[in-house]
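data-v4.csv (CSV, C-alpha atoms and all ligand atoms)
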chain,number,residue,atom,x,y,z
H,1,MET,CA,8.4,11.3,18.5
H,2,LEU,CA,9.1,10.7,14.8
H,3,PHE,CA,10.8,7.4,14.1
H,4,ILE,CA,11.2,7.8,10.3
H,5,GLN,CA,11.6,11.2,8.6
H,6,LEU,CA,12.0,11.4,4.9
H,7,LYS,CA,12.5,14.8,3.4
H,8,ASP,CA,12.5,15.8,-0.3
H,9,LEU,CA,13.6,12.4,-1.5
H,10,PHE,CA,14.4,12.2,-5.2
H,11,LYS,CA,15.5,9.0,-7.0
H,12,SER,CA,15.5,8.5,-10.8
H,13,TYR,CA,16.3,5.5,-12.9
H,14,GLY,CA,17.2,7.2,-16.2
H,15,ALA,CA,14.1,9.1,-17.3
H,16,ILE,CA,11.9,7.4,-14.7
H,17,LYS,CA,11.4,9.4,-11.6
H,18,ALA,CA,10.7,6.7,-9.0
H,19,LEU,CA,10.7,9.3,-6.2
H,20,ASP,CA,9.8,12.8,-7.0
H,21,GLY,CA,10.1,14.9,-3.8
H,22,LEU,CA,8.8,12.4,-1.3
H,23,ASN,CA,8.2,13.5,2.3
H,24,LEU,CA,7.1,11.1,5.0
H,25,ASN,CA,6.9,11.2,8.8
H,26,VAL,CA,6.3,8.0,10.7
H,27,PRO,CA,5.6,8.4,14.5
H,28,LYS,CA,7.2,5.9,16.9
H,29,GLY,CA,5.1,3.0,17.8
H,30,THR,CA,2.5,3.4,15.0
H,31,LEU,CA,1.6,1.0,12.3
H,32,TYR,CA,2.0,3.2,9.2
H,33,GLY,CA,0.5,2.2,5.8
H,34,LEU,CA,2.0,3.4,2.5
H,35,LEU,CA,-0.8,3.0,0.0
H,36,GLY,CA,-0.3,3.3,-3.7
H,37,PRO,CA,-0.6,1.6,-7.1
H,38,ASN,CA,2.2,-0.5,-8.6
H,39,GLY,CA,5.0,1.7,-9.8
H,40,ALA,CA,4.2,4.5,-7.3
H,41,GLY,CA,7.6,4.3,-5.7
H,42,LYS,CA,6.8,2.3,-2.5
H,43,SER,CA,9.6,-0.3,-2.8
H,44,THR,CA,12.1,2.4,-3.7
H,45,ALA,CA,11.2,4.4,-0.6
H,46,LEU,CA,11.3,1.3,1.7
H,47,ARG,CA,14.7,0.2,0.3
H,48,ILE,CA,16.1,3.7,1.0
H,49,ILE,CA,14.9,3.6,4.6
H,50,CYS,CA,16.6,0.1,4.9
H,51,THR,CA,19.8,1.6,3.5
H,52,LEU,CA,19.8,-0.8,0.7
H,53,LEU,CA,19.5,2.0,-1.8
H,54,GLU,CA,20.7,5.6,-1.8
H,55,PRO,CA,18.5,8.5,-2.9
H,56,ASP,CA,19.8,11.0,-5.5
H,57,THR,CA,19.1,13.8,-3.1
H,58,GLY,CA,17.1,14.2,0.1
H,59,GLU,CA,17.2,13.4,3.9
H,60,VAL,CA,16.6,10.1,5.5
H,61,LYS,CA,16.4,10.0,9.3
H,62,VAL,CA,15.6,6.7,11.2
H,63,ALA,CA,15.4,6.7,15.0
H,64,GLY,CA,16.8,10.2,15.1
H,65,ARG,CA,19.9,9.3,13.1
H,66,ASP,CA,21.0,10.2,9.6
H,67,ALA,CA,20.5,6.8,7.9
H,68,LEU,CA,22.6,7.8,5.0
H,69,ILE,CA,25.6,8.1,7.3
H,70,TYR,CA,24.8,5.6,10.0
H,71,GLN,CA,23.9,2.8,7.7
H,72,LYS,CA,25.1,-0.2,9.9
H,73,GLU,CA,23.4,1.1,13.0
H,74,THR,CA,20.2,1.8,11.1
H,75,ARG,CA,20.2,-1.7,9.6
H,76,ARG,CA,20.8,-3.3,13.0
H,77,GLY,CA,17.6,-1.7,14.4
H,78,LEU,CA,15.3,-2.8,11.7
H,79,GLY,CA,13.7,-5.9,10.2
H,80,TYR,CA,12.9,-5.8,6.5
H,81,VAL,CA,10.7,-8.1,4.6
H,82,ALA,CA,11.1,-7.6,0.9
H,83,GLN,CA,8.4,-7.8,-1.7
H,84,GLU,CA,10.1,-10.7,-3.5
H,85,VAL,CA,12.3,-13.2,-1.8
H,86,ALA,CA,14.4,-16.1,-3.0
H,87,ILE,CA,14.4,-18.6,-0.2
H,88,ASP,CA,16.8,-21.5,-0.1
H,89,LYS,CA,15.2,-24.7,-1.3
H,90,ILE,CA,17.3,-27.3,0.5
H,91,LEU,CA,17.2,-26.1,4.1
H,92,THR,CA,14.2,-26.6,6.3
H,93,GLY,CA,12.4,-23.6,7.6
H,94,ARG,CA,13.9,-24.1,11.1
H,95,GLU,CA,17.4,-24.4,9.7
H,96,LEU,CA,17.0,-21.2,7.8
H,97,LEU,CA,15.9,-19.3,10.9
H,98,GLN,CA,18.9,-20.7,12.8
H,99,LEU,CA,21.2,-19.6,10.1
H,100,GLN,CA,19.7,-16.1,10.1
H,101,ALA,CA,19.9,-16.0,13.9
H,102,ASP,CA,23.6,-16.7,13.6
H,103,LEU,CA,24.0,-13.9,11.2
H,104,TYR,CA,22.5,-11.6,13.9
H,105,HIS,CA,25.0,-13.1,16.4
H,106,LEU,CA,22.2,-14.1,18.8
H,107,SER,CA,23.2,-16.2,21.8
H,108,LYS,CA,22.4,-19.9,21.6
H,109,THR,CA,19.7,-20.0,24.4
H,110,TYR,CA,18.1,-16.8,23.2
H,111,LYS,CA,18.2,-17.9,19.7
H,112,ASN,CA,16.3,-21.2,20.3
H,113,GLN,CA,13.8,-19.5,22.5
H,114,ARG,CA,13.1,-16.8,20.0
H,115,ILE,CA,12.8,-19.2,17.1
H,116,GLU,CA,10.2,-21.3,19.1
H,117,GLU,CA,8.3,-18.1,20.0
H,118,LEU,CA,8.1,-17.0,16.4
H,119,ILE,CA,7.1,-20.5,15.2
H,120,GLN,CA,4.2,-20.3,17.6
H,121,ARG,CA,3.2,-16.8,16.8
H,122,LEU,CA,3.2,-17.3,13.1
H,123,GLU,CA,1.6,-20.8,13.4
H,124,MET,CA,4.4,-22.6,11.5
H,125,LYS,CA,4.8,-25.6,13.8
H,126,SER,CA,3.2,-28.2,11.5
H,127,TRP,CA,5.5,-27.4,8.5
H,128,ILE,CA,8.6,-25.6,9.7
H,129,ASP,CA,10.8,-28.7,9.6
H,130,ARG,CA,10.0,-29.4,6.0
H,131,ARG,CA,12.3,-28.2,3.3
H,132,CYS,CA,11.6,-24.7,2.1
H,133,GLY,CA,11.4,-25.9,-1.5
H,134,SER,CA,7.9,-27.3,-0.8
H,135,PHE,CA,6.5,-24.2,0.9
H,136,SER,CA,3.6,-22.2,-0.5
H,137,GLY,CA,3.8,-18.5,-1.0
H,138,GLY,CA,2.1,-17.9,2.3
H,139,MET,CA,4.5,-20.2,4.2
H,140,LYS,CA,7.5,-18.5,2.6
H,141,ARG,CA,6.1,-15.1,3.6
H,142,ARG,CA,5.6,-16.2,7.2
H,143,LEU,CA,9.1,-17.7,7.4
H,144,ASP,CA,10.5,-14.5,5.9
H,145,LEU,CA,8.6,-12.4,8.5
H,146,ALA,CA,9.9,-14.6,11.3
H,147,ALA,CA,13.5,-14.1,10.0
H,148,GLY,CA,13.0,-10.4,10.0
H,149,LEU,CA,11.8,-10.4,13.6
H,150,LEU,CA,14.5,-12.7,15.1
H,151,HIS,CA,16.5,-9.8,16.6
H,152,LYS,CA,13.4,-8.0,17.9
H,153,PRO,CA,13.8,-4.9,15.8
H,154,GLU,CA,12.3,-1.6,16.9
H,155,LEU,CA,11.2,-1.0,13.4
H,156,LEU,CA,9.7,-3.5,11.0
H,157,ILE,CA,9.4,-2.7,7.3
H,158,LEU,CA,7.2,-4.8,5.1
H,159,ASP,CA,6.9,-4.4,1.4
H,160,GLU,CA,3.4,-5.6,0.3
H,161,PRO,CA,3.3,-8.4,2.9
H,162,THR,CA,0.2,-10.2,1.8
H,163,VAL,CA,0.2,-9.8,-2.0
H,164,GLY,CA,-1.2,-13.0,-3.5
H,165,LEU,CA,-1.3,-14.9,-0.2
H,166,ASP,CA,-3.9,-17.4,0.9
H,167,ILE,CA,-6.5,-16.2,3.4
H,168,GLU,CA,-5.0,-18.1,6.3
H,169,SER,CA,-1.5,-16.7,5.9
H,170,ARG,CA,-2.9,-13.2,5.5
H,171,SER,CA,-4.9,-13.5,8.7
H,172,VAL,CA,-1.9,-14.9,10.6
H,173,ILE,CA,0.3,-12.0,9.4
H,174,TRP,CA,-2.4,-9.4,10.1
H,175,GLY,CA,-2.8,-10.8,13.6
H,176,LEU,CA,0.9,-10.7,14.3
H,177,LEU,CA,1.3,-7.2,13.0
H,178,LYS,CA,-1.5,-6.0,15.3
H,179,GLU,CA,0.2,-7.6,18.3
H,180,LEU,CA,3.6,-6.1,17.4
H,181,ARG,CA,2.0,-2.7,17.1
H,182,ASP,CA,0.5,-3.2,20.6
H,183,GLU,CA,4.0,-4.0,21.8
H,184,GLU,CA,5.2,-0.6,20.5
H,185,THR,CA,7.1,-1.8,17.5
H,186,THR,CA,7.0,0.8,14.8
H,187,ILE,CA,5.8,-0.8,11.6
H,188,LEU,CA,5.9,0.6,8.1
H,189,LEU,CA,4.1,-1.4,5.5
H,190,SER,CA,3.4,-0.8,1.8
H,191,SER,CA,0.4,-2.1,0.1
H,192,HIS,CA,-1.8,-1.6,-2.9
H,193,TYR,CA,-4.7,-3.2,-1.1
H,194,LEU,CA,-7.1,-0.6,0.3
H,195,GLU,CA,-8.6,-3.0,2.8
H,196,GLU,CA,-5.2,-3.9,4.2
H,197,VAL,CA,-4.3,-0.3,5.0
H,198,ASP,CA,-7.8,0.4,6.2
H,199,GLU,CA,-7.8,-2.6,8.5
H,200,LEU,CA,-4.3,-2.2,9.9
H,201,ALA,CA,-2.9,1.3,9.7
H,202,ASP,CA,-3.1,3.8,12.5
H,203,GLU,CA,-1.8,6.4,10.1
H,204,MET,CA,-1.2,6.3,6.4
H,205,ALA,CA,0.0,8.1,3.3
H,206,ILE,CA,-1.2,7.7,-0.2
H,207,ILE,CA,1.7,7.7,-2.6
H,208,ASP,CA,1.4,8.3,-6.4
H,209,ASN,CA,4.1,9.0,-8.9
H,210,GLY,CA,6.8,9.2,-6.3
H,211,LYS,CA,5.0,11.7,-4.1
H,212,VAL,CA,2.8,11.7,-1.0
H,213,ILE,CA,-0.6,13.1,-2.1
H,214,ALA,CA,-2.6,12.6,1.1
H,215,GLU,CA,-1.8,11.6,4.6
H,216,GLY,CA,-3.4,11.1,8.0
H,217,LYS,CA,-5.5,8.6,10.0
H,218,PRO,CA,-7.6,6.5,7.6
H,219,ASP,CA,-10.8,7.5,9.4
H,220,ASP,CA,-9.9,11.2,9.3
H,221,LEU,CA,-9.1,11.0,5.6
H,222,LYS,CA,-12.4,9.4,4.9
H,223,ARG,CA,-14.3,11.8,7.1
H,224,ASP,CA,-12.6,14.8,5.6
H,225,LEU,CA,-14.2,13.9,2.3
H,226,GLY,CA,-17.5,14.9,3.9
H,227,GLY,CA,-20.6,12.9,3.2
H,228,ASP,CA,-21.6,9.6,1.5
H,229,ARG,CA,-20.8,8.5,-2.0
H,230,VAL,CA,-23.3,7.8,-4.7
H,231,THR,CA,-22.2,6.2,-7.9
H,232,LEU,CA,-24.5,6.4,-11.0
H,233,ARG,CA,-23.8,4.1,-13.9
H,234,VAL,CA,-24.8,5.8,-17.1
H,235,ARG,CA,-24.5,5.4,-20.8
H,236,GLU,CA,-21.5,6.8,-22.7
H,237,PHE,CA,-21.7,10.5,-23.2
H,238,SER,CA,-21.7,11.7,-26.8
H,239,ASP,CA,-19.2,14.4,-26.1
H,240,GLU,CA,-17.5,16.5,-23.4
H,241,TYR,CA,-20.4,19.0,-23.7
H,242,GLU,CA,-23.0,16.5,-22.7
H,243,ALA,CA,-20.8,15.2,-19.8
H,244,GLU,CA,-20.5,18.8,-18.6
H,245,SER,CA,-24.2,19.5,-18.9
H,246,VAL,CA,-25.1,16.4,-16.9
H,247,ARG,CA,-22.6,17.4,-14.3
H,248,ASN,CA,-24.1,20.8,-14.1
H,249,ILE,CA,-27.6,19.4,-13.5
H,250,LEU,CA,-26.4,17.1,-10.7
H,251,ILE,CA,-24.3,19.7,-8.9
H,252,GLU,CA,-27.5,21.9,-8.7
H,253,VAL,CA,-29.3,19.2,-6.7
H,254,PRO,CA,-29.6,20.3,-3.1
H,255,GLY,CA,-27.3,18.2,-0.9
H,256,VAL,CA,-24.9,17.2,-3.6
H,257,THR,CA,-21.5,18.7,-2.8
H,258,ASN,CA,-19.3,17.2,-5.6
H,259,VAL,CA,-19.6,15.4,-8.9
H,260,VAL,CA,-16.8,13.7,-10.7
H,261,VAL,CA,-17.4,12.3,-14.2
H,262,ASN,CA,-15.5,9.0,-14.4
H,263,LYS,CA,-15.0,7.6,-17.9
H,264,LYS,CA,-13.1,4.6,-16.9
H,265,GLN,CA,-14.8,1.2,-16.3
H,266,GLY,CA,-17.8,2.2,-18.3
H,267,TYR,CA,-19.2,5.6,-17.7
H,268,SER,CA,-20.1,6.6,-14.2
H,269,LEU,CA,-20.8,9.7,-12.1
H,270,ASN,CA,-19.3,9.8,-8.6
H,271,LEU,CA,-21.2,12.1,-6.3
H,272,VAL,CA,-20.6,13.2,-2.8
H,273,VAL,CA,-23.9,13.8,-1.0
H,274,ARG,CA,-24.8,15.3,2.4
H,275,SER,CA,-27.6,12.9,3.3
H,276,GLN,CA,-29.5,9.9,2.2
H,277,ASN,CA,-32.5,11.9,1.3
H,278,VAL,CA,-30.6,13.4,-1.6
H,279,ILE,CA,-31.1,10.1,-3.6
H,280,SER,CA,-34.8,10.7,-4.3
H,281,GLU,CA,-34.0,14.2,-5.3
H,282,LEU,CA,-31.4,12.9,-7.7
H,283,SER,CA,-33.8,10.6,-9.4
H,284,HIS,CA,-36.3,13.4,-9.7
H,285,TYR,CA,-33.8,15.8,-11.4
H,286,LEU,CA,-32.4,13.1,-13.7
H,287,SER,CA,-35.8,12.0,-15.0
H,288,LYS,CA,-36.8,15.6,-15.5
H,289,ALA,CA,-33.6,16.0,-17.6
H,290,ASN,CA,-34.5,12.7,-19.4
H,291,PHE,CA,-31.2,11.2,-18.4
H,292,GLU,CA,-31.2,7.4,-17.9
H,293,VAL,CA,-29.3,5.8,-15.0
H,294,PHE,CA,-28.6,2.1,-15.2
H,295,ALA,CA,-27.5,1.5,-11.7
H,296,LEU,CA,-27.1,3.4,-8.5
H,297,ALA,CA,-24.9,2.6,-5.6
H,298,HIS,CA,-24.7,4.3,-2.2
H,299,SER,CA,-21.8,3.9,0.2
H,300,ARG,CA,-19.9,5.5,3.1
H,301,PRO,CA,-16.6,7.0,1.9
H,302,SER,CA,-13.8,4.4,1.5
H,303,LEU,CA,-10.1,4.8,1.0
H,304,ASP,CA,-10.8,4.4,-2.7
H,305,ASP,CA,-12.8,7.6,-2.5
H,306,VAL,CA,-9.8,9.3,-0.8
H,307,TYR,CA,-7.6,8.1,-3.6
H,308,LEU,CA,-10.1,9.2,-6.2
H,309,GLN,CA,-10.3,12.6,-4.6
H,310,ALA,CA,-6.6,13.0,-4.5
H,311,THR,CA,-5.7,11.7,-8.0
H,312,GLY,CA,-8.9,11.9,-10.1
H,313,LYS,CA,-8.9,8.2,-10.7
H,314,THR,CA,-9.7,5.1,-8.7
H,315,LEU,CA,-6.9,2.8,-7.4
H,316,MET,CA,-8.2,0.1,-9.7
H,317,ASP,CA,-8.0,2.4,-12.7
H,318,ALA,CA,-4.4,3.2,-11.8
H,319,GLU,CA,-3.6,-0.5,-11.7
H,320,LEU,CA,-5.4,-1.1,-15.0
H,321,GLU,CA,-3.6,1.7,-16.7
H,322,LEU,CA,-0.3,0.3,-15.5
H,323,ALA,CA,-1.3,-3.2,-16.6
H,324,GLY,CA,-2.0,-1.7,-20.0
H,325,THR,CA,1.4,-0.2,-20.4
H,326,ARG,CA,3.0,-3.4,-19.2
H,327,ASP,CA,1.1,-5.4,-21.8
H,328,PHE,CA,2.1,-2.8,-24.4
H,329,LYS,CA,5.8,-3.2,-23.4
H,330,LEU,CA,5.4,-7.0,-23.7
H,331,GLU,CA,3.7,-6.7,-27.1
H,332,LYS,CA,6.5,-4.4,-28.2
H,333,LYS,CA,9.2,-6.9,-27.1
H,334,LYS,CA,7.4,-9.7,-28.8
H,335,SER,CA,7.0,-7.8,-32.1
H,336,MET,CA,10.7,-6.9,-32.0
H,337,ARG,CA,11.8,-10.5,-32.1
L,1,LIG,N1,16.1,-0.9,-10.6
L,1,LIG,C1,15.3,-0.2,-11.3
L,1,LIG,N2,15.6,0.2,-12.6
L,1,LIG,C2,14.8,0.9,-13.3
L,1,LIG,N3,13.6,1.3,-12.9
L,1,LIG,C3,13.2,1.0,-11.7
L,1,LIG,C4,14.0,0.2,-10.8
L,1,LIG,N4,13.3,0.1,-9.6
L,1,LIG,C5,12.2,0.7,-9.8
L,1,LIG,N5,12.0,1.3,-11.0
L,1,LIG,C6,10.9,2.1,-11.5
L,1,LIG,O1,10.6,3.1,-10.6
L,1,LIG,C7,9.2,3.2,-10.4
L,1,LIG,C8,8.9,3.0,-9.0
L,1,LIG,O2,9.1,1.6,-8.7
L,1,LIG,P1,8.8,0.9,-7.3
L,1,LIG,O3,9.5,1.7,-6.2
L,1,LIG,O4,9.2,-0.5,-7.4
L,1,LIG,O5,7.2,1.1,-7.1
L,1,LIG,P2,6.2,0.3,-6.3
L,1,LIG,O6,6.9,-0.5,-5.2
L,1,LIG,O7,5.3,1.3,-5.7
L,1,LIG,O8,5.5,-0.6,-7.2
L,1,LIG,C9,8.6,2.3,-11.4
L,1,LIG,O9,8.3,3.0,-12.5
L,1,LIG,C10,9.6,1.3,-11.6
L,1,LIG,O10,9.5,0.7,-12.9
L,2,MG,MG,7.0,-2.5,-4.9
In structure tokens, write the structure found in this file.
Ligand SMILES: Nc1ncnc2c1ncn2[C@@H]1O[C@H](COP(=O)(O)OP(=O)(O)O)[C@@H](O)[C@H]1O
Ligand SMILES: [Mg+2]
Amino acid sequence: MLFIQLKDLFKSYGAIKALDGLNLNVPKGTLYGLLGPNGAGKSTALRIICTLLEPDTGEVKVAGRDALIYQKETRRGLGYVAQEVAIDKILTGRELLQLQADLYHLSKTYKNQRIEELIQRLEMKSWIDRRCGSFSGGMKRRLDLAAGLLHKPELLILDEPTVGLDIESRSVIWGLLKELRDEETTILLSSHYLEEVDELADEMAIIDNGKVIAEGKPDDLKRDLGGDRVTLRVREFSDEYEAESVRNILIEVPGVTNVVVNKKQGYSLNLVVRSQNVISELSHYLSKANFEVFALAHSRPSLDDVYLQATGKTLMDAELELAGTRDFKLEKKKSMR
């Protein structure tokens, strides 16, 4: 059964298309990962599912209900942990959980029992009675997750749950998410960390520019790429013609099934090969063509390769590009002063 169904979602902010025809199907009881670079539309999609934001057009079904109509019911059944949270500074962690539990109208005995359980499961005992103002990012995140779980939601939605967190907090959160999944909670999490989605997700979608561009089980997506990866670091090509001719040489090597010329992060050639033996063949062909290789790396396909295949760039490049435009905006602002 599908727990979340998004169909043809569009959402624009002025000229920016945050969602550009997004389709997503999340089966009940799975931990579903939404992977994409900053600005891909992840938070926008999650906020729409939580009924905190309305799409311009499109369908949103949660637990079989039209979430655009049944907003209150939808909200009651889910826990949402936002990407950025402002937590009260004066209250202690425990007081904050109690306050939140009262907002959910939990009975007193259930409330205290549930709070104790979550304090244990998120390993918060040694600091939960301190004021929130003194909490680290990791502590705040764990507290926030506990708050989202107080009412035992059937659906948990987490927006980049471990961005910038210490290793201990990350591992506590990952551990709890795996347990919840085993307890049949449907979990939808967004991330721009490949390892996070690879480690946690039963199923996943890659989202880029407001659209899903690949979806499936992480292992299937990787396997579908067929074959191992070989990355060759090379000098800068003098022109497109040279890049193309090197590509043509490589694609002729028996066992090489794909060659992508990557001009970001220095020049490199990303190859898909059928077997390890291909590597010696490669060296042979390249030296015959008198083409120098600075470094060679061989690996099994990763989610980054899936991303590269789908978008023509690596996730890191996408992030760098974005950081570039952000710096540019900053520069522009500064120079306008
Ligand atoms: N309230 C808003 N006003 C204007 N633009 C927005 C707003 N929220 C998001 N955007 C833009 O929409 C795009 C998608 O944003 P978002 O959903 O936050 O992406 P992600 O969570 O994947 O980083 C980005 O280009 C972002 O700048
Ligand atoms: Mg976001």
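Across the structure, atom CA of H:Pro27 and atom CA of H:Phe3 are spaced 5.3 Å apart.
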For ligand MG 2 (chain L), return the neighbouring residues as a PyMOL selection string (distance at most 9 Å; only C-alpha atoms and all ligand atoms). chain H and resi 37-44+46+82-84+159-160+190-191
Next, dump the selected residues to file, keeping only C-alpha atoms, as a PDB file, keeping the file's coordinate frame.
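This went into result-v9.pdb:
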ATOM      1  CA  PRO H  37      -0.600   1.600  -7.100  1.00  0.00           C
ATOM      2  CA  ASN H  38       2.200  -0.500  -8.600  1.00  0.00           C
ATOM      3  CA  GLY H  39       5.000   1.700  -9.800  1.00  0.00           C
ATOM      4  CA  ALA H  40       4.200   4.500  -7.300  1.00  0.00           C
ATOM      5  CA  GLY H  41       7.600   4.300  -5.700  1.00  0.00           C
ATOM      6  CA  LYS H  42       6.800   2.300  -2.500  1.00  0.00           C
ATOM      7  CA  SER H  43       9.600  -0.300  -2.800  1.00  0.00           C
ATOM      8  CA  THR H  44      12.100   2.400  -3.700  1.00  0.00           C
ATOM      9  CA  LEU H  46      11.300   1.300   1.700  1.00  0.00           C
ATOM     10  CA  ALA H  82      11.100  -7.600   0.900  1.00  0.00           C
ATOM     11  CA  GLN H  83       8.400  -7.800  -1.700  1.00  0.00           C
ATOM     12  CA  GLU H  84      10.100 -10.700  -3.500  1.00  0.00           C
ATOM     13  CA  ASP H 159       6.900  -4.400   1.400  1.00  0.00           C
ATOM     14  CA  GLU H 160       3.400  -5.600   0.300  1.00  0.00           C
ATOM     15  CA  SER H 190       3.400  -0.800   1.800  1.00  0.00           C
ATOM     16  CA  SER H 191       0.400  -2.100   0.100  1.00  0.00           C
TER      17      SER H 191
END
Interatomic distance between atom CA of H:Thr185 and atom CA of H:Val197? 17.0 Å
Return as a PyMOL selection string every polymer residue, whether protein, DNA or RNA, with at least one atom no more than 12 Å from an atom of ligand LIG 1 (chain L); count only C-alpha atoms and all ligand atoms. chain H and resi 10-20+22+34-48+52-55+82-84+158-161+163+189-193+206-212+318-319+322-323+325-326+329
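With only C-alpha atoms taken into account, the protein and nucleic acid residues at most 9 Å from stretch 169-181 of chain H (excluding it and anything under 2 positions from it in its own chain) are H:Gly29, H:Thr30, H:Leu31, H:Arg121, H:Leu122, H:Glu123, H:Gly137, H:Gly138, H:Met139, H:Arg141, H:Arg142, H:Leu145, H:Pro161, H:Thr162, H:Val163, H:Leu165, H:Asp166, H:Ile167, H:Glu183, H:Glu184, H:Thr185, H:Thr186, H:Ile187, H:Glu196, H:Glu199, H:Leu200.
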Using all atoms listed in the file, which residue out of H:Ile87, H:Val230, H:Leu149, H:Val26 lies closest to H:Ala101? H:Leu149
H:Tyr307 proximity check over H:Phe294, H:Arg130, H:Ala205, H:Asp219, using only C-alpha atoms: winner is H:Ala205
List the neighbours of stretch 235-247 of chain H out to 10 Å using only C-alpha atoms; skip same-chain residues closer than 5 positions along the sequence, and give me the result as a PyMOL selection string. chain H and resi 252+258-263+266-269+271+286+289+291-294
So, counting all atoms listed in the file, which residue among H:Thr51, H:Asp129, H:Leu282, H:Ala295 is closest to H:Leu96? H:Asp129
May I ask which of the residues H:Arg65, H:Lys217, H:Arg274, H:His151 is the closest one to H:Gln98, counting all atoms listed in the file?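 Result for the nearest residue to H:Gln98: H:His151.
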Just how far from atom CA of H:Leu68 is atom CA of H:Asn23, in Å to one decimal?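 Computing the Euclidean distance for atom CA of H:Asn23 and atom CA of H:Leu68 yields 15.7 Å.
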Top pick for closest residue to H:Ile128, considering H:His105, H:Gly93, H:Gln113, H:Leu221 and counting all atoms listed in the file: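 Residue with the minimum atom-to-atom distance to H:Ile128: H:Gly93.
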Starting from the incomplete input, reconstruct N, CA and C atoms of stretch 113-130 of chain H and report them as an mmCIF file, in the coordinates of the input.
data_model
loop_
_atom_site.group_PDB
_atom_site.id
_atom_site.type_symbol
_atom_site.label_atom_id
_atom_site.label_comp_id
_atom_site.auth_asym_id
_atom_site.auth_seq_id
_atom_site.Cartn_x
_atom_site.Cartn_y
_atom_site.Cartn_z
ATOM 1 N N GLN H 113 15.025 -19.998 21.889
ATOM 2 C CA GLN H 113 13.800 -19.500 22.500
ATOM 3 C C GLN H 113 13.015 -18.611 21.594
ATOM 4 N N ARG H 114 13.741 -17.716 20.956
ATOM 5 C CA ARG H 114 13.100 -16.800 20.000
ATOM 6 C C ARG H 114 12.515 -17.472 18.819
ATOM 7 N N ILE H 115 13.257 -18.446 18.304
ATOM 8 C CA ILE H 115 12.800 -19.200 17.100
ATOM 9 C C ILE H 115 11.467 -19.924 17.512
ATOM 10 N N GLU H 116 11.467 -20.574 18.681
ATOM 11 C CA GLU H 116 10.200 -21.300 19.100
ATOM 12 C C GLU H 116 9.070 -20.285 19.234
ATOM 13 N N GLU H 117 9.349 -19.132 19.821
ATOM 14 C CA GLU H 117 8.300 -18.100 20.000
ATOM 15 C C GLU H 117 7.693 -17.723 18.665
ATOM 16 N N LEU H 118 8.574 -17.467 17.693
ATOM 17 C CA LEU H 118 8.100 -17.000 16.400
ATOM 18 C C LEU H 118 7.355 -18.115 15.633
ATOM 19 N N ILE H 119 7.833 -19.357 15.804
ATOM 20 C CA ILE H 119 7.100 -20.500 15.200
ATOM 21 C C ILE H 119 5.709 -20.545 15.683
ATOM 22 N N GLN H 120 5.565 -20.323 16.977
ATOM 23 C CA GLN H 120 4.200 -20.300 17.600
ATOM 24 C C GLN H 120 3.374 -19.165 17.079
ATOM 25 N N ARG H 121 3.966 -17.984 17.163
ATOM 26 C CA ARG H 121 3.200 -16.800 16.800
ATOM 27 C C ARG H 121 2.770 -16.740 15.387
ATOM 28 N N LEU H 122 3.579 -17.314 14.514
ATOM 29 C CA LEU H 122 3.200 -17.300 13.100
ATOM 30 C C LEU H 122 2.598 -18.654 12.655
ATOM 31 N N GLU H 123 2.271 -19.477 13.652
ATOM 32 C CA GLU H 123 1.600 -20.800 13.400
ATOM 33 C C GLU H 123 2.274 -21.576 12.319
ATOM 34 N N MET H 124 3.565 -21.865 12.557
ATOM 35 C CA MET H 124 4.400 -22.600 11.500
ATOM 36 C C MET H 124 4.765 -23.967 11.968
ATOM 37 N N LYS H 125 4.319 -24.369 13.170
ATOM 38 C CA LYS H 125 4.800 -25.600 13.800
ATOM 39 C C LYS H 125 4.652 -26.840 12.892
ATOM 40 N N SER H 126 3.512 -26.956 12.226
ATOM 41 C CA SER H 126 3.200 -28.200 11.500
ATOM 42 C C SER H 126 4.079 -28.366 10.234
ATOM 43 N N TRP H 127 4.724 -27.290 9.793
ATOM 44 C CA TRP H 127 5.500 -27.400 8.500
ATOM 45 C C TRP H 127 6.904 -26.877 8.587
ATOM 46 N N ILE H 128 7.293 -26.277 9.700
ATOM 47 C CA ILE H 128 8.600 -25.600 9.700
ATOM 48 C C ILE H 128 9.781 -26.499 9.518
ATOM 49 N N ASP H 129 9.627 -27.809 9.814
ATOM 50 C CA ASP H 129 10.800 -28.700 9.600
ATOM 51 C C ASP H 129 10.791 -29.378 8.269
ATOM 52 N N ARG H 130 9.912 -28.904 7.396
ATOM 53 C CA ARG H 130 10.000 -29.400 6.000
ATOM 54 C C ARG H 130 10.975 -28.494 5.226
#
